[in-house]
Structures are given as structure tokens and as C-alpha cells.
>>> print(open('my_file.txt').read())   # compact mmCIF, N, CA and C atoms
# COMPACT_ATOMS: atom_id res chain seq x y z
N MET A 9 4.00 127.34 79.25
CA MET A 9 3.81 126.24 80.18
C MET A 9 2.48 126.43 80.90
N ALA A 10 1.60 125.44 80.88
CA ALA A 10 0.34 125.50 81.59
C ALA A 10 0.56 125.12 83.04
N MET A 11 -0.09 125.85 83.94
CA MET A 11 0.00 125.55 85.36
C MET A 11 -1.26 124.81 85.77
N CYS A 12 -1.16 123.97 86.75
CA CYS A 12 -2.33 123.25 87.26
C CYS A 12 -2.39 123.38 88.76
N LYS A 13 -3.53 123.82 89.26
CA LYS A 13 -3.78 123.77 90.70
C LYS A 13 -4.78 122.64 90.88
N VAL A 14 -4.50 121.74 91.76
CA VAL A 14 -5.37 120.58 91.91
C VAL A 14 -5.91 120.53 93.32
N SER A 15 -7.24 120.41 93.42
CA SER A 15 -7.86 120.20 94.73
C SER A 15 -8.44 118.80 94.71
N SER A 16 -9.19 118.45 95.74
CA SER A 16 -9.71 117.10 95.82
C SER A 16 -10.71 116.78 94.71
N SER A 17 -11.40 117.80 94.13
CA SER A 17 -12.41 117.48 93.14
C SER A 17 -12.29 118.27 91.84
N VAL A 18 -11.38 119.26 91.74
CA VAL A 18 -11.35 120.11 90.56
C VAL A 18 -9.92 120.36 90.11
N HIS A 19 -9.71 120.36 88.80
CA HIS A 19 -8.42 120.75 88.23
C HIS A 19 -8.58 122.16 87.70
N PHE A 20 -7.66 123.06 88.06
CA PHE A 20 -7.69 124.45 87.65
C PHE A 20 -6.54 124.66 86.70
N VAL A 21 -6.84 124.90 85.43
CA VAL A 21 -5.81 125.02 84.41
C VAL A 21 -5.75 126.47 83.97
N THR A 22 -4.55 127.06 83.94
CA THR A 22 -4.41 128.43 83.50
C THR A 22 -3.62 128.47 82.20
N ARG A 23 -3.80 129.53 81.47
CA ARG A 23 -3.08 129.71 80.21
C ARG A 23 -2.22 130.96 80.34
N SER A 24 -1.07 130.96 79.69
CA SER A 24 -0.19 132.13 79.75
C SER A 24 -0.02 132.75 78.38
N ALA A 25 0.46 133.99 78.34
CA ALA A 25 0.67 134.69 77.09
C ALA A 25 2.02 134.36 76.48
N SER A 26 2.76 133.45 77.05
CA SER A 26 4.10 133.16 76.57
C SER A 26 4.11 132.25 75.34
N GLY A 27 2.95 132.09 74.71
CA GLY A 27 2.90 131.24 73.53
C GLY A 27 2.42 129.84 73.83
N HIS A 28 2.25 129.50 75.08
CA HIS A 28 1.72 128.19 75.45
C HIS A 28 0.25 128.35 75.77
N GLY A 29 -0.49 127.28 75.71
CA GLY A 29 -1.92 127.35 75.97
C GLY A 29 -2.60 128.10 74.84
N SER A 30 -3.55 128.98 75.15
CA SER A 30 -4.31 129.68 74.13
C SER A 30 -3.52 130.80 73.48
N GLY A 31 -2.47 131.32 74.15
CA GLY A 31 -1.67 132.38 73.59
C GLY A 31 -2.28 133.75 73.76
N LYS A 32 -3.48 133.86 74.38
CA LYS A 32 -4.13 135.15 74.53
C LYS A 32 -4.12 135.67 75.96
N ALA A 33 -4.13 134.81 76.93
CA ALA A 33 -4.28 135.24 78.32
C ALA A 33 -2.97 135.79 78.87
N HIS A 34 -3.08 136.90 79.61
CA HIS A 34 -1.92 137.52 80.23
C HIS A 34 -1.86 137.29 81.73
N TRP A 35 -2.99 137.07 82.36
CA TRP A 35 -3.02 136.91 83.81
C TRP A 35 -4.19 136.02 84.18
N VAL A 36 -4.17 135.56 85.44
CA VAL A 36 -5.22 134.68 85.95
C VAL A 36 -5.78 135.30 87.23
N PRO A 37 -7.09 135.54 87.30
CA PRO A 37 -7.66 136.16 88.49
C PRO A 37 -7.68 135.20 89.69
N ASN A 38 -7.68 135.80 90.89
CA ASN A 38 -7.81 135.00 92.12
C ASN A 38 -9.18 134.34 92.13
N THR A 39 -9.21 133.07 92.52
CA THR A 39 -10.44 132.28 92.47
C THR A 39 -10.61 131.48 93.75
N ASP A 40 -11.81 131.50 94.31
CA ASP A 40 -12.20 130.63 95.42
C ASP A 40 -13.22 129.63 94.89
N MET A 41 -13.19 128.41 95.40
CA MET A 41 -14.16 127.41 95.02
C MET A 41 -14.52 126.62 96.28
N TYR A 42 -15.82 126.47 96.52
CA TYR A 42 -16.23 125.71 97.69
C TYR A 42 -17.56 125.01 97.44
N GLU A 43 -17.77 123.94 98.22
CA GLU A 43 -18.99 123.15 98.11
C GLU A 43 -20.00 123.60 99.15
N THR A 44 -21.29 123.57 98.75
CA THR A 44 -22.39 123.82 99.67
C THR A 44 -23.33 122.62 99.58
N GLU A 45 -24.40 122.66 100.35
CA GLU A 45 -25.38 121.56 100.29
C GLU A 45 -26.06 121.46 98.92
N SER A 46 -26.20 122.61 98.23
CA SER A 46 -26.91 122.60 96.95
C SER A 46 -25.99 122.49 95.73
N GLY A 47 -24.67 122.61 95.92
CA GLY A 47 -23.78 122.50 94.78
C GLY A 47 -22.42 123.13 95.01
N LEU A 48 -21.83 123.59 93.93
CA LEU A 48 -20.49 124.16 93.93
C LEU A 48 -20.58 125.66 93.72
N VAL A 49 -19.76 126.44 94.43
CA VAL A 49 -19.71 127.89 94.24
C VAL A 49 -18.29 128.25 93.81
N ILE A 50 -18.20 129.02 92.73
CA ILE A 50 -16.92 129.52 92.23
C ILE A 50 -17.00 131.03 92.31
N LYS A 51 -16.04 131.65 92.98
CA LYS A 51 -16.02 133.10 93.15
C LYS A 51 -14.70 133.61 92.59
N VAL A 52 -14.78 134.58 91.66
CA VAL A 52 -13.60 135.08 90.97
C VAL A 52 -13.48 136.59 91.21
N GLU A 53 -12.30 137.03 91.63
CA GLU A 53 -12.05 138.43 91.93
C GLU A 53 -11.70 139.17 90.63
N LEU A 54 -12.60 140.08 90.20
CA LEU A 54 -12.42 140.78 88.93
C LEU A 54 -12.79 142.26 89.06
N ALA A 55 -12.18 142.95 90.00
CA ALA A 55 -12.47 144.37 90.22
C ALA A 55 -12.17 145.19 88.98
N GLY A 56 -12.95 146.24 88.78
CA GLY A 56 -12.71 147.17 87.68
C GLY A 56 -13.21 146.69 86.34
N MET A 57 -14.04 145.66 86.33
CA MET A 57 -14.56 145.14 85.07
C MET A 57 -16.07 145.30 85.01
N ARG A 58 -16.59 145.17 83.80
CA ARG A 58 -18.04 145.14 83.59
C ARG A 58 -18.41 143.73 83.15
N SER A 59 -19.61 143.33 83.46
CA SER A 59 -20.01 141.96 83.12
C SER A 59 -19.99 141.70 81.62
N ASP A 60 -20.18 142.74 80.80
CA ASP A 60 -20.15 142.52 79.36
C ASP A 60 -18.72 142.34 78.83
N ASN A 61 -17.69 142.49 79.69
CA ASN A 61 -16.30 142.21 79.32
C ASN A 61 -15.89 140.79 79.72
N LEU A 62 -16.85 140.01 80.21
CA LEU A 62 -16.58 138.65 80.68
C LEU A 62 -17.32 137.64 79.82
N GLU A 63 -16.73 136.45 79.69
CA GLU A 63 -17.41 135.36 78.99
C GLU A 63 -17.18 134.07 79.76
N ILE A 64 -18.25 133.33 79.96
CA ILE A 64 -18.18 132.03 80.63
C ILE A 64 -18.73 131.01 79.65
N THR A 65 -17.94 129.98 79.39
CA THR A 65 -18.35 128.93 78.46
C THR A 65 -18.20 127.58 79.14
N VAL A 66 -19.18 126.72 78.93
CA VAL A 66 -19.14 125.35 79.45
C VAL A 66 -18.96 124.42 78.26
N GLU A 67 -17.95 123.56 78.36
CA GLU A 67 -17.70 122.55 77.34
C GLU A 67 -17.55 121.22 78.05
N GLY A 68 -18.62 120.48 78.16
CA GLY A 68 -18.58 119.20 78.88
C GLY A 68 -18.29 119.42 80.35
N SER A 69 -17.13 118.95 80.82
CA SER A 69 -16.78 119.09 82.24
C SER A 69 -15.85 120.29 82.49
N ARG A 70 -15.68 121.16 81.46
CA ARG A 70 -14.81 122.33 81.59
C ARG A 70 -15.62 123.62 81.67
N LEU A 71 -15.19 124.49 82.59
CA LEU A 71 -15.76 125.82 82.72
C LEU A 71 -14.66 126.81 82.38
N ARG A 72 -14.86 127.59 81.31
CA ARG A 72 -13.86 128.56 80.86
C ARG A 72 -14.35 129.97 81.18
N ILE A 73 -13.55 130.72 81.94
CA ILE A 73 -13.86 132.10 82.30
C ILE A 73 -12.80 132.97 81.63
N SER A 74 -13.22 133.90 80.78
CA SER A 74 -12.26 134.75 80.09
C SER A 74 -12.79 136.16 80.00
N GLY A 75 -11.90 137.08 79.70
CA GLY A 75 -12.29 138.47 79.56
C GLY A 75 -11.09 139.36 79.37
N ASN A 76 -11.34 140.67 79.51
CA ASN A 76 -10.29 141.65 79.32
C ASN A 76 -10.55 142.81 80.28
N ARG A 77 -9.60 143.05 81.19
CA ARG A 77 -9.73 144.19 82.10
C ARG A 77 -8.98 145.36 81.45
N PRO A 78 -9.70 146.42 81.04
CA PRO A 78 -9.06 147.55 80.38
C PRO A 78 -8.21 148.36 81.36
N ASP A 79 -7.15 148.95 80.84
CA ASP A 79 -6.27 149.79 81.64
C ASP A 79 -6.41 151.23 81.16
N GLY A 80 -7.48 151.90 81.63
CA GLY A 80 -7.74 153.26 81.19
C GLY A 80 -7.51 154.29 82.28
N CYS A 81 -6.91 153.90 83.40
CA CYS A 81 -6.81 154.83 84.52
C CYS A 81 -5.39 155.34 84.77
N ARG A 82 -4.40 154.84 84.05
CA ARG A 82 -3.02 155.30 84.26
C ARG A 82 -2.75 156.61 83.53
N ALA A 83 -1.93 157.45 84.14
CA ALA A 83 -1.46 158.65 83.46
C ALA A 83 -0.48 158.22 82.37
N PRO A 84 -0.45 158.91 81.23
CA PRO A 84 0.39 158.49 80.11
C PRO A 84 1.89 158.42 80.45
N LYS A 85 2.40 159.32 81.27
CA LYS A 85 3.84 159.34 81.57
C LYS A 85 4.09 159.05 83.04
N CYS A 86 3.49 157.99 83.54
CA CYS A 86 3.69 157.65 84.95
C CYS A 86 4.91 156.75 85.12
N SER A 87 5.47 156.77 86.31
CA SER A 87 6.60 155.92 86.64
C SER A 87 6.22 155.10 87.87
N PHE A 88 6.03 153.78 87.70
CA PHE A 88 5.54 152.95 88.77
C PHE A 88 6.58 152.74 89.87
N LEU A 89 6.13 152.82 91.11
CA LEU A 89 6.94 152.44 92.26
C LEU A 89 6.58 151.02 92.66
N MET A 90 5.34 150.62 92.36
CA MET A 90 4.85 149.27 92.61
C MET A 90 3.71 149.02 91.61
N MET A 91 3.64 147.82 91.07
CA MET A 91 2.56 147.48 90.15
C MET A 91 2.11 146.05 90.42
N GLU A 92 0.93 145.91 91.03
CA GLU A 92 0.41 144.59 91.37
C GLU A 92 -0.94 144.29 90.72
N ILE A 93 -1.55 145.27 90.08
CA ILE A 93 -2.85 145.07 89.46
C ILE A 93 -2.64 144.65 88.01
N ASN A 94 -3.28 143.56 87.63
CA ASN A 94 -3.16 143.03 86.27
C ASN A 94 -4.23 143.61 85.36
N TYR A 95 -3.83 143.92 84.14
CA TYR A 95 -4.75 144.43 83.13
C TYR A 95 -4.58 143.61 81.86
N GLY A 96 -5.55 143.74 80.97
CA GLY A 96 -5.49 143.03 79.70
C GLY A 96 -6.29 141.74 79.74
N PRO A 97 -6.08 140.88 78.75
CA PRO A 97 -6.87 139.65 78.66
C PRO A 97 -6.47 138.61 79.71
N PHE A 98 -7.45 137.80 80.11
CA PHE A 98 -7.20 136.70 81.04
C PHE A 98 -8.05 135.51 80.64
N GLU A 99 -7.67 134.35 81.15
CA GLU A 99 -8.45 133.14 80.94
C GLU A 99 -8.18 132.16 82.07
N SER A 100 -9.23 131.59 82.61
CA SER A 100 -9.13 130.51 83.59
C SER A 100 -10.00 129.36 83.11
N VAL A 101 -9.49 128.15 83.21
CA VAL A 101 -10.25 126.98 82.83
C VAL A 101 -10.29 126.05 84.03
N LEU A 102 -11.49 125.73 84.48
CA LEU A 102 -11.66 124.80 85.59
C LEU A 102 -12.25 123.53 85.02
N GLU A 103 -11.64 122.41 85.34
CA GLU A 103 -12.11 121.13 84.81
C GLU A 103 -12.54 120.23 85.95
N LEU A 104 -13.81 119.87 85.94
CA LEU A 104 -14.33 118.95 86.94
C LEU A 104 -14.09 117.53 86.44
N PRO A 105 -13.61 116.65 87.29
CA PRO A 105 -13.39 115.28 86.85
C PRO A 105 -14.72 114.59 86.55
N PRO A 106 -14.72 113.59 85.65
CA PRO A 106 -15.95 112.86 85.35
C PRO A 106 -16.56 112.29 86.64
N GLY A 107 -17.86 112.38 86.72
CA GLY A 107 -18.55 111.85 87.89
C GLY A 107 -18.43 112.71 89.12
N SER A 108 -18.11 114.00 88.95
CA SER A 108 -17.94 114.89 90.11
C SER A 108 -19.26 115.21 90.80
N GLY A 109 -20.37 115.02 90.10
CA GLY A 109 -21.67 115.24 90.71
C GLY A 109 -22.24 116.63 90.50
N TYR A 110 -21.59 117.47 89.65
CA TYR A 110 -22.08 118.82 89.40
C TYR A 110 -22.49 118.98 87.94
N ASP A 111 -23.53 119.79 87.69
CA ASP A 111 -24.07 119.99 86.35
C ASP A 111 -23.68 121.39 85.84
N LEU A 112 -22.55 121.49 85.14
CA LEU A 112 -22.08 122.77 84.62
C LEU A 112 -23.05 123.40 83.63
N SER A 113 -23.84 122.57 82.92
CA SER A 113 -24.79 123.12 81.94
C SER A 113 -25.91 123.92 82.60
N GLN A 114 -26.09 123.75 83.91
CA GLN A 114 -27.13 124.49 84.65
C GLN A 114 -26.53 125.59 85.52
N ALA A 115 -25.28 125.95 85.30
CA ALA A 115 -24.61 126.98 86.10
C ALA A 115 -25.28 128.34 85.93
N LYS A 116 -25.30 129.11 86.99
CA LYS A 116 -25.83 130.48 87.00
C LYS A 116 -24.73 131.40 87.48
N ALA A 117 -24.58 132.55 86.83
CA ALA A 117 -23.51 133.48 87.19
C ALA A 117 -24.07 134.86 87.47
N SER A 118 -23.43 135.57 88.41
CA SER A 118 -23.76 136.97 88.69
C SER A 118 -22.48 137.72 88.99
N TYR A 119 -22.49 139.02 88.72
CA TYR A 119 -21.32 139.86 88.94
C TYR A 119 -21.74 141.05 89.79
N LEU A 120 -21.09 141.21 90.95
CA LEU A 120 -21.45 142.27 91.89
C LEU A 120 -20.21 142.71 92.65
N ASN A 121 -19.99 144.01 92.72
CA ASN A 121 -18.90 144.60 93.50
C ASN A 121 -17.54 143.99 93.19
N GLY A 122 -17.28 143.72 91.92
CA GLY A 122 -15.97 143.22 91.52
C GLY A 122 -15.77 141.72 91.66
N PHE A 123 -16.82 141.00 92.02
CA PHE A 123 -16.72 139.54 92.17
C PHE A 123 -17.71 138.85 91.23
N LEU A 124 -17.19 137.90 90.46
CA LEU A 124 -18.02 137.03 89.64
C LEU A 124 -18.32 135.79 90.47
N ARG A 125 -19.60 135.46 90.62
CA ARG A 125 -20.00 134.26 91.37
C ARG A 125 -20.73 133.32 90.42
N ILE A 126 -20.27 132.08 90.41
CA ILE A 126 -20.89 131.06 89.57
C ILE A 126 -21.38 129.95 90.49
N ASP A 127 -22.68 129.68 90.45
CA ASP A 127 -23.28 128.60 91.23
C ASP A 127 -23.55 127.42 90.31
N VAL A 128 -23.00 126.27 90.65
CA VAL A 128 -23.14 125.06 89.86
C VAL A 128 -23.93 124.04 90.68
N PRO A 129 -25.16 123.69 90.24
CA PRO A 129 -25.96 122.74 91.02
C PRO A 129 -25.46 121.31 90.89
N LEU A 130 -25.98 120.47 91.75
CA LEU A 130 -25.69 119.04 91.65
C LEU A 130 -26.28 118.50 90.35
N ALA A 131 -25.65 117.50 89.76
CA ALA A 131 -26.05 116.97 88.45
C ALA A 131 -27.31 116.13 88.54
N HIS A 132 -28.16 116.29 87.51
CA HIS A 132 -29.35 115.46 87.36
C HIS A 132 -29.49 114.94 85.94
N SER A 133 -28.63 115.46 85.00
CA SER A 133 -28.66 115.03 83.60
C SER A 133 -27.27 115.15 83.00
N PRO A 134 -27.02 114.55 81.82
CA PRO A 134 -25.70 114.61 81.19
C PRO A 134 -25.31 116.05 80.81
N ALA A 135 -23.99 116.36 80.83
CA ALA A 135 -23.48 117.69 80.51
C ALA A 135 -23.48 117.92 79.00
N LYS A 136 -23.62 119.21 78.61
CA LYS A 136 -23.55 119.60 77.20
C LYS A 136 -22.80 120.94 77.12
N SER A 137 -22.49 121.39 75.91
CA SER A 137 -21.76 122.63 75.70
C SER A 137 -22.73 123.80 75.64
N THR A 138 -22.44 124.85 76.41
CA THR A 138 -23.32 126.02 76.45
C THR A 138 -22.58 127.22 76.99
N LYS A 139 -23.14 128.43 76.78
CA LYS A 139 -22.59 129.65 77.38
C LYS A 139 -23.43 129.99 78.60
N VAL A 140 -22.78 130.55 79.63
CA VAL A 140 -23.46 130.90 80.87
C VAL A 140 -23.69 132.40 80.89
N PRO A 141 -24.96 132.88 80.97
CA PRO A 141 -25.21 134.33 81.03
C PRO A 141 -24.76 134.87 82.40
N ILE A 142 -24.38 136.16 82.43
CA ILE A 142 -23.95 136.82 83.66
C ILE A 142 -24.95 137.92 83.99
N ALA A 143 -25.57 137.85 85.17
CA ALA A 143 -26.52 138.85 85.62
C ALA A 143 -25.78 139.94 86.38
N GLU A 144 -26.24 141.18 86.28
CA GLU A 144 -25.66 142.29 87.05
C GLU A 144 -26.21 142.25 88.46
N GLY A 145 -25.33 142.16 89.45
CA GLY A 145 -25.69 142.26 90.87
C GLY A 145 -26.81 141.37 91.32
N LYS A 146 -26.85 141.10 92.59
CA LYS A 146 -27.92 140.30 93.20
C LYS A 146 -27.96 140.57 94.65
>>> encode(input="my_file.txt", output="C-alpha cells")
Amino acid sequence: MAMCKVSSSVHFVTRSASGHGSGKAHWVPNTDMYETESGLVIKVELAGMRSDNLEITVEGSRLRISGNRPDGCRAPKCSFLMMEINYGPFESVLELPPGSGYDLSQAKASYLNGFLRIDVPLAHSPAKSTKVPIAEGK
């Protein structure tokens, strides 16, 4: 079952590993999204990852953020008392409605201190499909 979080300007679609959606994602990272004078800012909490384990793809009005957080820090025979940190593959898809005023094809991304930040400027030309590079720290 796909979940949808809806705000005034963006649809946030998640995929689950239960066989619905893409069938690959196991969890969805915490995400903040806010507007500024120059555009849209998307901030995703992804502690314990490297930027080369992340992929951001733009397909028209959709922004797809996916990756895999490795679980290499657990002891082999541990017994959890609490487990709240998600590991493994994830995927988040954010869909801007037509005419939202943002140009996803010009998005810029950076990853610093466990947070992925994507800046999306106001639109000046039609959207196209592209991958968004991720810079280390800023």
C-alpha cells in the first residue's frame, strides 16, 4: 500500500517493501520541505550514509530520492532492547503538482552531517528528466 502525505503544494509518495510500489524500499527517511524567497528546500535526515550511497532522479514533476543505509555496526549475536534506526534500502518520491512554480531540472543537492539538502529554484523553463549530483558538505 502506498502512503501519501499531502501538503498545500507537494505530494509525498512512499514505497514499501511489502510488494506494493517499487518492491525495493524498506523505510522512508524523515523529510522537511519549506519555501524560501528563491525556491523550495527539501531536507532529508540520512545519518550514517555516504553521498555515493544516494541517488536523486528528476522525472518531470517527480523527485525520487533513494539509497541504501548499510548495517555494519551491530554485533553478530546482539539482542535488541529497542530498535528505532532503519537500515537497508529506502525510497522517497516527492511529486510537485503541475504549475507549482519550481524547476526540478535545476535542483542542486549537498550532503553534510547526515542531512541531504536539495535546493529547487523557481521555474524559468519546462521540466525534463535528469539526475541530480550530490556534493559533499558545504
>>> select_by_dssp(input="my_file.txt", residues="segment 27-127 of chain A", states="helix (DSSP H, G or I)", output="ChimeraX atom specification")
/A:59-61,112-114
>>> closest_residue(input="my_file.txt", among="A:Arg70, A:His132, A:Lys51, A:Lys116", to="Pro37 of chain A", atoms="all atoms listed in the file")
A:Lys51
>>> residues_around(input="my_file.txt", residues="segment 107-115 of chain A", least_positions_apart="4", cutoff="5 Å", atoms="all atoms listed in the file", output="number ranges by chain")
A: 127-131
>>> atom_distance(input="my_file.txt", atom1="atom C of Arg125 of chain A", atom2="atom N of Gly96 of chain A")
20.7 Å
>>> atom_distance(input="my_file.txt", atom1="atom CA of Arg77 of chain A", atom2="atom CA of Leu48 of chain A")
25.6 Å
>>> atom_distance(input="my_file.txt", atom1="atom CA of Tyr42 of chain A", atom2="atom CA of Ser69 of chain A")
16.8 Å
>>> residues_around(input="my_file.txt", residues="Ala55 of chain A", least_positions_apart="5", cutoff="6 Å", atoms="all atoms listed in the file", output="mmCIF file with N, CA and C atoms, in the frame of the given file")
data_model
loop_
_atom_site.group_PDB
_atom_site.id
_atom_site.type_symbol
_atom_site.label_atom_id
_atom_site.label_comp_id
_atom_site.auth_asym_id
_atom_site.auth_seq_id
_atom_site.Cartn_x
_atom_site.Cartn_y
_atom_site.Cartn_z
ATOM 1 N N ASN A 121 -19.990 144.010 92.720
ATOM 2 C CA ASN A 121 -18.900 144.600 93.500
ATOM 3 C C ASN A 121 -17.540 143.990 93.190
ATOM 4 N N GLY A 122 -17.280 143.720 91.920
ATOM 5 C CA GLY A 122 -15.970 143.220 91.520
ATOM 6 C C GLY A 122 -15.770 141.720 91.660
ATOM 7 N N PHE A 123 -16.820 141.000 92.020
ATOM 8 C CA PHE A 123 -16.720 139.540 92.170
ATOM 9 C C PHE A 123 -17.710 138.850 91.230
#
>>> select_by_dssp(input="my_file.txt", residues="segment 17-139 of chain A", states="strand (DSSP E or B)", output="number ranges by chain")
A: 19-22, 35, 39-43, 47-53, 62-67, 70-77, 96-103, 110, 116-120, 123-130, 138-139
>>> residues_around(input="my_file.txt", residues="Leu124 of chain A", least_positions_apart="4", cutoff="6.5 Å", atoms="all atoms listed in the file", output="JSON, numbers by chain")
{"A": [50, 51, 52, 53, 54, 118, 119, 120]}
>>> residues_around(input="my_file.txt", residues="Pro97 of chain A", least_positions_apart="3", cutoff="5 Å", atoms="only N, CA and C atoms", output="PDB file with N, CA and C atoms, in the coordinates of the input")
ATOM      1  N   ALA A  33      -4.130 134.810  76.930  1.00  0.00           N
ATOM      2  CA  ALA A  33      -4.280 135.240  78.320  1.00  0.00           C
ATOM      3  C   ALA A  33      -2.970 135.790  78.870  1.00  0.00           C
ATOM      4  N   HIS A  34      -3.080 136.900  79.610  1.00  0.00           N
ATOM      5  CA  HIS A  34      -1.920 137.520  80.230  1.00  0.00           C
ATOM      6  C   HIS A  34      -1.860 137.290  81.730  1.00  0.00           C
ATOM      7  N   TRP A  35      -2.990 137.070  82.360  1.00  0.00           N
ATOM      8  CA  TRP A  35      -3.020 136.910  83.810  1.00  0.00           C
ATOM      9  C   TRP A  35      -4.190 136.020  84.180  1.00  0.00           C
ATOM     10  N   GLY A  75     -11.900 137.080  79.700  1.00  0.00           N
ATOM     11  CA  GLY A  75     -12.290 138.470  79.560  1.00  0.00           C
ATOM     12  C   GLY A  75     -11.090 139.360  79.370  1.00  0.00           C
ATOM     13  N   ASN A  76     -11.340 140.670  79.510  1.00  0.00           N
ATOM     14  CA  ASN A  76     -10.290 141.650  79.320  1.00  0.00           C
ATOM     15  C   ASN A  76     -10.550 142.810  80.280  1.00  0.00           C
ATOM     16  N   ARG A  77      -9.600 143.050  81.190  1.00  0.00           N
ATOM     17  CA  ARG A  77      -9.730 144.190  82.100  1.00  0.00           C
ATOM     18  C   ARG A  77      -8.980 145.360  81.450  1.00  0.00           C
TER      19      ARG A  77
END
>>> residues_around(input="my_file.txt", residues="Arg72 of chain A", least_positions_apart="3", cutoff="8 Å", atoms="all atoms listed in the file", output="list of chain:residue names")
A:Glu63, A:Ile64, A:Thr65, A:Val66, A:Glu67, A:Ser69, A:Gly75, A:Glu99, A:Ser100, A:Val101, A:Leu102, A:Glu103
>>> closest_residue(input="my_file.txt", among="A:Ile142, A:Ser46, A:Thr39, A:Tyr95", to="Leu62 of chain A", atoms="only N, CA and C atoms")
A:Ile142
>>> closest_residue(input="my_file.txt", among="A:Ile73, A:Leu104, A:Cys86, A:Ala117", to="Pro141 of chain A", atoms="all atoms listed in the file")
A:Ala117
